[in-house]
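Asker: Shown below is the structure under consideration.
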Amino acid sequence: MGIKIYMNGKWVDKEEAKISVFDHGLLYGDGVFEGIRSYDCLVFKLKEHIDRLYESAHTLMLEIPLRKEEMEQAVLETLKANRLRDAYIRVVVTRGEGDLGLDPRKCKKPNIFIIADKIVLYPEKYYREGLEIITVPTQRNIPEALNPQIKSLNYLNNILAKIEAINCGVEEAIMLNSFGYVAECTGDNIFMIKNRLIITPPPYAGILKGITRAAVMELAEKAGFEVKETIFTRHELYNADECFLTGTAAEIIPVVKIDSRVIGEGKPGEITLSLMRKFKELTKSAGVRYSL
Ligand code: PMP
């Protein structure tokens, strides 16, 4: 049996889940999305993801024809329909079908679809040994042009950076902002640790305010660490004691080499490892429960 996709209020087979070639989500990247995880029948930070989805849509003046509670319910029902205990959930709202011009007023009805599937995890090796990443030439979008806080279907900025990383044989890229400060990675936020102080770039550095980022900041503070949102350069990053990335898909992933510079001892740091353990516990204990 194939997977069931939520499509505008109905659950259909994957083969029938289709979008028009006139949908502006496809023609222009005009739409918004979220990536959400469930762990053993607990959806992690569901409300936060739905809030962010609606905020992204609000800025784009894209009116989602569902109340937030209905959207949450649709996510839970999609998990049930697919009998998934552990899943990666993708919620997408497109501007809908229009004509070939940009004008969003031509798109009368947004399309909503939700895909819940098994999680494709990064190889275990990266969590054990740490990741090598590089800085790439493509800068993060400047907020004055396209604010990275809008989680839109237009991800070309990130894709260009990802291609540059892959071309250099690494999995992730550090993107700088237009001032040359470290912003974030292509699909993850970045943290550095120096003298037990945990530092991450602030939203004004031009980043997506990650939900995992917020959860990790809270965990770290609860564990007694000082956490600071401040801008930093590559020089400071190269000389950090520890570095890690956060994201819904990656969770917390240690970084041990950046632009060929070894970070700290060249292996996942002690604080990073303790935060990884705490994060794992959190995903097992907090979330919106559903039953299969
Ligand atoms: N930055 C970017 C550009 C992203 O696409 C993501 C993944 N959604 C993140 C950071 C991490 O955000 P979150 O923890 O909410 O998944």
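Residue numbering restarts at 1 for every chain of the structure tokens, chains are lettered A, B, ... in their displayed order, and ligands are numbered from 1 as they appear.
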Would you write out, as a tab-separated table, a table of all residues in chain A that have an atom no more than 10 Å from an atom of ligand 1, listing for each the closest atom pair and the distance in Å to one decimal, considering only C-alpha atoms and all ligand atoms and ordering rows by chain and rising residue number?

Answerer:
```
residue	atom	partner	partner_atom_place_in_ligand_line	distance
A:Phe33	CA	ligand 1	8 (N)	8.8
A:Glu34	CA	ligand 1	8 (N)	6.7
A:Gly35	CA	ligand 1	8 (N)	6.1
A:Ile36	CA	ligand 1	16 (O)	7.4
A:Arg37	CA	ligand 1	16 (O)	9.1
A:Lys45	CA	ligand 1	15 (O)	9.3
A:Glu48	CA	ligand 1	15 (O)	8.7
A:His49	CA	ligand 1	15 (O)	7.3
A:Arg52	CA	ligand 1	15 (O)	8.8
A:Arg140	CA	ligand 1	3 (C)	8.9
A:Pro148	CA	ligand 1	3 (C)	6.9
A:Gln149	CA	ligand 1	3 (C)	8.4
A:Ile150	CA	ligand 1	3 (C)	9.5
A:Lys151	CA	ligand 1	5 (O)	7.1
A:Ser152	CA	ligand 1	5 (O)	9.3
A:Tyr155	CA	ligand 1	5 (O)	8.1
A:Asn157	CA	ligand 1	3 (C)	9.1
A:Asn158	CA	ligand 1	3 (C)	6.7
A:Ile159	CA	ligand 1	3 (C)	9.9
A:Met175	CA	ligand 1	3 (C)	9.6
A:Ala183	CA	ligand 1	1 (N)	9.1
A:Glu184	CA	ligand 1	1 (N)	6.2
A:Cys185	CA	ligand 1	1 (N)	6.2
A:Thr186	CA	ligand 1	3 (C)	5.1
A:Gly187	CA	ligand 1	4 (C)	3.6
A:Asp188	CA	ligand 1	10 (C)	3.8
A:Asn189	CA	ligand 1	10 (C)	4.5
A:Ile190	CA	ligand 1	10 (C)	8.2
A:Gly206	CA	ligand 1	3 (C)	9.8
A:Ile207	CA	ligand 1	1 (N)	6.3
A:Leu208	CA	ligand 1	1 (N)	4.7
A:Lys209	CA	ligand 1	12 (O)	6.5
A:Gly210	CA	ligand 1	12 (O)	3.4
A:Ile211	CA	ligand 1	15 (O)	3.7
A:Thr212	CA	ligand 1	14 (O)	3.6
A:Arg213	CA	ligand 1	14 (O)	5.5
A:Ala214	CA	ligand 1	14 (O)	7.7
A:Ala215	CA	ligand 1	14 (O)	8.4
A:Val216	CA	ligand 1	14 (O)	9.3
A:Leu245	CA	ligand 1	11 (C)	8.7
A:Thr246	CA	ligand 1	14 (O)	5.9
A:Gly247	CA	ligand 1	14 (O)	3.6
A:Thr248	CA	ligand 1	16 (O)	3.6
A:Ala249	CA	ligand 1	16 (O)	6.5
A:Ala250	CA	ligand 1	16 (O)	8.1
A:Glu251	CA	ligand 1	14 (O)	7.5
A:Ile252	CA	ligand 1	14 (O)	9.4
```

Asker: Next, write the just-selected residues to a file, as a PDB file, in the first residue's frame, keeping C-alpha atoms as the atom set.

Answerer:
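So the final result, stored in part_20.pdb, reads:
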```
ATOM      1  CA  PHE A  33       6.196  25.210   3.821  1.00  0.00           C
ATOM      2  CA  GLU A  34       7.229  23.532   7.055  1.00  0.00           C
ATOM      3  CA  GLY A  35       9.199  20.415   7.916  1.00  0.00           C
ATOM      4  CA  ILE A  36       8.041  18.731  11.133  1.00  0.00           C
ATOM      5  CA  ARG A  37       9.083  15.548  12.957  1.00  0.00           C
ATOM      6  CA  LYS A  45       6.840  21.496  18.464  1.00  0.00           C
ATOM      7  CA  GLU A  48       5.548  26.378  16.773  1.00  0.00           C
ATOM      8  CA  HIS A  49       5.761  24.974  13.247  1.00  0.00           C
ATOM      9  CA  ARG A  52       5.691  29.865  11.703  1.00  0.00           C
ATOM     10  CA  ARG A 140      22.416  34.426   2.443  1.00  0.00           C
ATOM     11  CA  PRO A 148      15.101  34.419   5.467  1.00  0.00           C
ATOM     12  CA  GLN A 149      12.431  34.275   8.187  1.00  0.00           C
ATOM     13  CA  ILE A 150       9.880  33.620   5.459  1.00  0.00           C
ATOM     14  CA  LYS A 151      10.009  29.873   4.913  1.00  0.00           C
ATOM     15  CA  SER A 152       8.937  30.102   1.300  1.00  0.00           C
ATOM     16  CA  TYR A 155      14.859  27.962  -1.759  1.00  0.00           C
ATOM     17  CA  ASN A 157      19.513  30.823  -2.364  1.00  0.00           C
ATOM     18  CA  ASN A 158      20.053  27.774  -0.175  1.00  0.00           C
ATOM     19  CA  ILE A 159      20.223  25.353  -3.091  1.00  0.00           C
ATOM     20  CA  MET A 175      26.386  31.034   4.391  1.00  0.00           C
ATOM     21  CA  ALA A 183      24.466  33.607   9.192  1.00  0.00           C
ATOM     22  CA  GLU A 184      23.419  29.964   8.951  1.00  0.00           C
ATOM     23  CA  CYS A 185      23.721  26.801   6.865  1.00  0.00           C
ATOM     24  CA  THR A 186      21.552  25.802   3.902  1.00  0.00           C
ATOM     25  CA  GLY A 187      18.998  23.972   6.015  1.00  0.00           C
ATOM     26  CA  ASP A 188      20.319  24.313   9.547  1.00  0.00           C
ATOM     27  CA  ASN A 189      21.182  26.962  12.123  1.00  0.00           C
ATOM     28  CA  ILE A 190      24.707  27.213  13.490  1.00  0.00           C
ATOM     29  CA  GLY A 206      19.533  37.208   8.321  1.00  0.00           C
ATOM     30  CA  ILE A 207      18.546  33.703   9.350  1.00  0.00           C
ATOM     31  CA  LEU A 208      15.533  31.495   9.667  1.00  0.00           C
ATOM     32  CA  LYS A 209      14.606  31.442  13.338  1.00  0.00           C
ATOM     33  CA  GLY A 210      14.865  27.698  13.701  1.00  0.00           C
ATOM     34  CA  ILE A 211      12.523  25.835  15.985  1.00  0.00           C
ATOM     35  CA  THR A 212      15.261  23.368  16.889  1.00  0.00           C
ATOM     36  CA  ARG A 213      17.536  26.371  17.542  1.00  0.00           C
ATOM     37  CA  ALA A 214      15.036  27.750  20.071  1.00  0.00           C
ATOM     38  CA  ALA A 215      14.597  24.342  21.722  1.00  0.00           C
ATOM     39  CA  VAL A 216      18.365  23.885  22.043  1.00  0.00           C
ATOM     40  CA  LEU A 245      24.240  22.685  13.612  1.00  0.00           C
ATOM     41  CA  THR A 246      20.537  22.397  14.454  1.00  0.00           C
ATOM     42  CA  GLY A 247      17.500  21.643  12.328  1.00  0.00           C
ATOM     43  CA  THR A 248      14.336  19.588  12.289  1.00  0.00           C
ATOM     44  CA  ALA A 249      15.852  16.930  10.027  1.00  0.00           C
ATOM     45  CA  ALA A 250      19.426  17.015  11.387  1.00  0.00           C
ATOM     46  CA  GLU A 251      18.472  17.583  15.065  1.00  0.00           C
ATOM     47  CA  ILE A 252      21.891  18.461  16.556  1.00  0.00           C
TER      48      ILE A 252
END
```

Asker: Determine, counting only C-alpha atoms, which protein, DNA and RNA residues have an atom within 9 Å of an atom of Asp241 of chain A; residues of the same chain fewer than 2 positions away are not included. Present the result as a list in words.

Answerer: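 That gives Met192, Ile193, Lys194, Asn195, Arg196, Leu237, Tyr238, Asn239, Cys243, Ile263, Gly264, Glu265 and Gly269 of chain A.
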
Asker: Taking C-alpha atoms for each residue, export the selection above as an mmCIF file, in the first residue's frame.

Answerer:
```
data_model
loop_
_atom_site.group_PDB
_atom_site.id
_atom_site.type_symbol
_atom_site.label_atom_id
_atom_site.label_comp_id
_atom_site.auth_asym_id
_atom_site.auth_seq_id
_atom_site.Cartn_x
_atom_site.Cartn_y
_atom_site.Cartn_z
ATOM 1 C CA MET A 192 29.623 27.851 18.371
ATOM 2 C CA ILE A 193 30.907 27.323 21.903
ATOM 3 C CA LYS A 194 33.864 29.248 23.373
ATOM 4 C CA ASN A 195 34.888 28.968 27.011
ATOM 5 C CA ARG A 196 31.550 27.278 27.778
ATOM 6 C CA LEU A 237 34.249 30.254 14.411
ATOM 7 C CA TYR A 238 37.584 28.698 13.385
ATOM 8 C CA ASN A 239 38.840 29.277 16.932
ATOM 9 C CA CYS A 243 30.513 23.880 16.826
ATOM 10 C CA ILE A 263 37.538 22.861 15.436
ATOM 11 C CA GLY A 264 38.577 22.234 19.027
ATOM 12 C CA GLU A 265 39.881 18.708 19.386
ATOM 13 C CA GLY A 269 32.700 18.343 21.869
#
```

Asker: Where in segment 86-290 of chain A does DSSP assign strand (DSSP E), given as a ChimeraX atom specification?

Answerer: /A:87-94,111-117,131-135,172-176,182-185,189-194,197-200,227-229,242-247,251-258,261-262,288-289

Asker: Hey, what's within 12 Å of Lys125 of chain A if we count only C-alpha atoms and toss same-chain stuff fewer than 6 positions away? As a PyMOL selection string, please?

Answerer: chain A and resi 131-132+253-255+267-268

Asker: Restricted to all heavy atoms, what would the selected residues look like written as a CSV table (one decimal), in the first residue's frame?

Answerer:
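Once everything was written out, this is part_20.csv:
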```
chain,number,residue,atom,x,y,z
A,131,LEU,N,30.9,16.5,11.5
A,131,LEU,CA,30.7,16.9,10.1
A,131,LEU,C,31.8,17.9,9.7
A,131,LEU,O,32.3,18.7,10.5
A,131,LEU,CB,29.4,17.6,9.9
A,131,LEU,CG,28.7,17.7,8.6
A,131,LEU,CD1,28.4,16.3,8.0
A,131,LEU,CD2,27.3,18.4,8.8
A,132,GLU,N,32.3,17.8,8.4
A,132,GLU,CA,33.2,18.8,7.9
A,132,GLU,C,32.3,19.7,7.0
A,132,GLU,O,31.6,19.3,6.1
A,132,GLU,CB,34.3,18.2,7.1
A,132,GLU,CG,35.1,19.2,6.3
A,132,GLU,CD,36.3,18.7,5.6
A,132,GLU,OE1,36.6,17.5,5.6
A,132,GLU,OE2,37.1,19.6,5.1
A,253,ILE,N,23.8,18.3,15.1
A,253,ILE,CA,24.9,17.6,14.4
A,253,ILE,C,26.2,18.3,14.7
A,253,ILE,O,26.3,19.5,14.5
A,253,ILE,CB,24.5,17.3,12.9
A,253,ILE,CG1,25.5,16.4,12.3
A,253,ILE,CG2,24.5,18.6,12.1
A,253,ILE,CD1,24.9,15.7,11.0
A,254,PRO,N,27.2,17.6,15.2
A,254,PRO,CA,28.5,18.2,15.6
A,254,PRO,C,29.3,18.6,14.3
A,254,PRO,O,29.2,17.8,13.3
A,254,PRO,CB,29.2,17.2,16.4
A,254,PRO,CG,28.3,16.0,16.6
A,254,PRO,CD,27.2,16.1,15.6
A,255,VAL,N,30.0,19.7,14.4
A,255,VAL,CA,30.9,20.1,13.3
A,255,VAL,C,32.3,20.0,13.8
A,255,VAL,O,32.6,20.6,14.8
A,255,VAL,CB,30.5,21.5,12.8
A,255,VAL,CG1,31.5,22.0,11.7
A,255,VAL,CG2,29.1,21.5,12.2
A,267,LYS,N,36.9,16.5,17.3
A,267,LYS,CA,35.9,15.5,17.5
A,267,LYS,C,34.7,16.1,18.2
A,267,LYS,O,34.9,17.2,18.8
A,267,LYS,CB,36.4,14.3,18.3
A,267,LYS,CG,37.0,14.6,19.6
A,267,LYS,CD,37.5,13.3,20.2
A,267,LYS,CE,37.5,13.3,21.7
A,267,LYS,NZ,38.6,13.8,22.4
A,268,PRO,N,33.5,15.5,18.1
A,268,PRO,CA,32.3,16.2,18.8
A,268,PRO,C,32.6,16.6,20.2
A,268,PRO,O,33.2,15.8,21.0
A,268,PRO,CB,31.2,15.1,18.7
A,268,PRO,CG,31.6,14.3,17.5
A,268,PRO,CD,33.1,14.3,17.5
```

Asker: Find the residues around segment 11-28 of chain A up to 12 Å (only C-alpha atoms counted), leave out those fewer than 6 positions away in its own chain, and share them as a ChimeraX atom specification.

Answerer: /A:1-5,62,74-75,77-82,92-117,152-156

Asker: Could those residues be written to a file, using C-alpha atoms, as an mmCIF file, in the first residue's frame?

Answerer:
```cif
data_model
loop_
_atom_site.group_PDB
_atom_site.id
_atom_site.type_symbol
_atom_site.label_atom_id
_atom_site.label_comp_id
_atom_site.auth_asym_id
_atom_site.auth_seq_id
_atom_site.Cartn_x
_atom_site.Cartn_y
_atom_site.Cartn_z
ATOM 1 C CA MET A 1 0.000 0.000 0.000
ATOM 2 C CA GLY A 2 1.361 3.391 -0.993
ATOM 3 C CA ILE A 3 1.456 6.495 1.129
ATOM 4 C CA LYS A 4 -1.584 8.709 1.600
ATOM 5 C CA ILE A 5 -1.164 12.394 0.912
ATOM 6 C CA LEU A 62 -1.311 34.258 1.329
ATOM 7 C CA ALA A 74 -4.756 17.564 9.318
ATOM 8 C CA VAL A 75 -1.115 16.871 10.246
ATOM 9 C CA GLU A 77 -4.678 12.676 10.644
ATOM 10 C CA THR A 78 -2.051 12.331 7.917
ATOM 11 C CA LEU A 79 0.271 10.568 10.366
ATOM 12 C CA LYS A 80 -2.544 8.234 11.359
ATOM 13 C CA ALA A 81 -3.576 7.544 7.768
ATOM 14 C CA ASN A 82 -0.029 6.398 7.105
ATOM 15 C CA VAL A 92 3.023 22.940 1.882
ATOM 16 C CA VAL A 93 0.684 25.788 0.993
ATOM 17 C CA THR A 94 0.988 27.162 -2.531
ATOM 18 C CA ARG A 95 -0.548 30.324 -3.952
ATOM 19 C CA GLY A 96 -2.633 28.079 -6.185
ATOM 20 C CA GLU A 97 -3.466 27.971 -9.857
ATOM 21 C CA GLY A 98 -3.173 31.244 -11.762
ATOM 22 C CA ASP A 99 -2.100 32.378 -15.204
ATOM 23 C CA LEU A 100 1.427 32.850 -16.506
ATOM 24 C CA GLY A 101 1.819 36.322 -14.987
ATOM 25 C CA LEU A 102 3.155 37.050 -11.495
ATOM 26 C CA ASP A 103 -0.086 38.556 -10.204
ATOM 27 C CA PRO A 104 -1.138 36.533 -7.150
ATOM 28 C CA ARG A 105 -4.684 37.955 -7.418
ATOM 29 C CA LYS A 106 -5.213 35.554 -10.335
ATOM 30 C CA CYS A 107 -4.748 32.625 -7.987
ATOM 31 C CA LYS A 108 -8.144 32.128 -6.411
ATOM 32 C CA LYS A 109 -7.511 29.141 -4.195
ATOM 33 C CA PRO A 110 -4.333 28.087 -2.363
ATOM 34 C CA ASN A 111 -3.405 24.428 -2.573
ATOM 35 C CA ILE A 112 -2.602 22.662 0.676
ATOM 36 C CA PHE A 113 -0.863 19.341 0.828
ATOM 37 C CA ILE A 114 0.759 17.353 3.608
ATOM 38 C CA ILE A 115 3.207 14.515 3.092
ATOM 39 C CA ALA A 116 4.131 12.262 5.992
ATOM 40 C CA ASP A 117 6.866 9.791 5.270
ATOM 41 C CA SER A 152 8.937 30.102 1.300
ATOM 42 C CA LEU A 153 8.998 27.609 -1.552
ATOM 43 C CA ASN A 154 11.765 29.676 -3.131
ATOM 44 C CA TYR A 155 14.859 27.962 -1.759
ATOM 45 C CA LEU A 156 17.258 28.739 -4.611
#
```

Asker: Of the candidates A:Ile64, A:Ile198, A:Ile134, A:Leu53, which shows the shortest atom-to-atom distance to Glu226 of chain A, using only C-alpha atoms?

Answerer: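 Among the listed residues, A:Ile198 lies closest to Glu226 of chain A.
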
Asker: To one decimal place in Å, what is the distance between atom CA of Gly180 of chain A and atom CA of Ala57 of chain A?

Answerer: 29.1 Å

Asker: I need the residue nearest Gly169 of chain A from this list: A:Ile133, A:Ile50, A:Tyr290, A:Lys228. Use only C-alpha atoms for the distance.

Answerer: A:Ile133

Asker: Quick check for you: according to DSSP on this backbone, which residues of segment 45-213 of chain A are classed as alpha helix (DSSP H)? Reply as a PyMOL selection string.

Answerer: chain A and resi 46-59+68-81+124-129+156-167+211-213

Asker: Taking into account only C-alpha atoms, which residue in the set A:Ala205, A:Val136, A:Ile89, A:Ala145 is nearest to Glu164 of chain A?

Answerer: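 Once distances to Glu164 of chain A are computed over only C-alpha atoms, the minimum belongs to A:Val136.
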
Asker: What does the distance between atom CA of Met71 of chain A and atom CA of Ser56 of chain A come to in Å, to one decimal place?

Answerer: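 Computed distance, atom CA of Met71 of chain A to atom CA of Ser56 of chain A, equals 14.7 Å.
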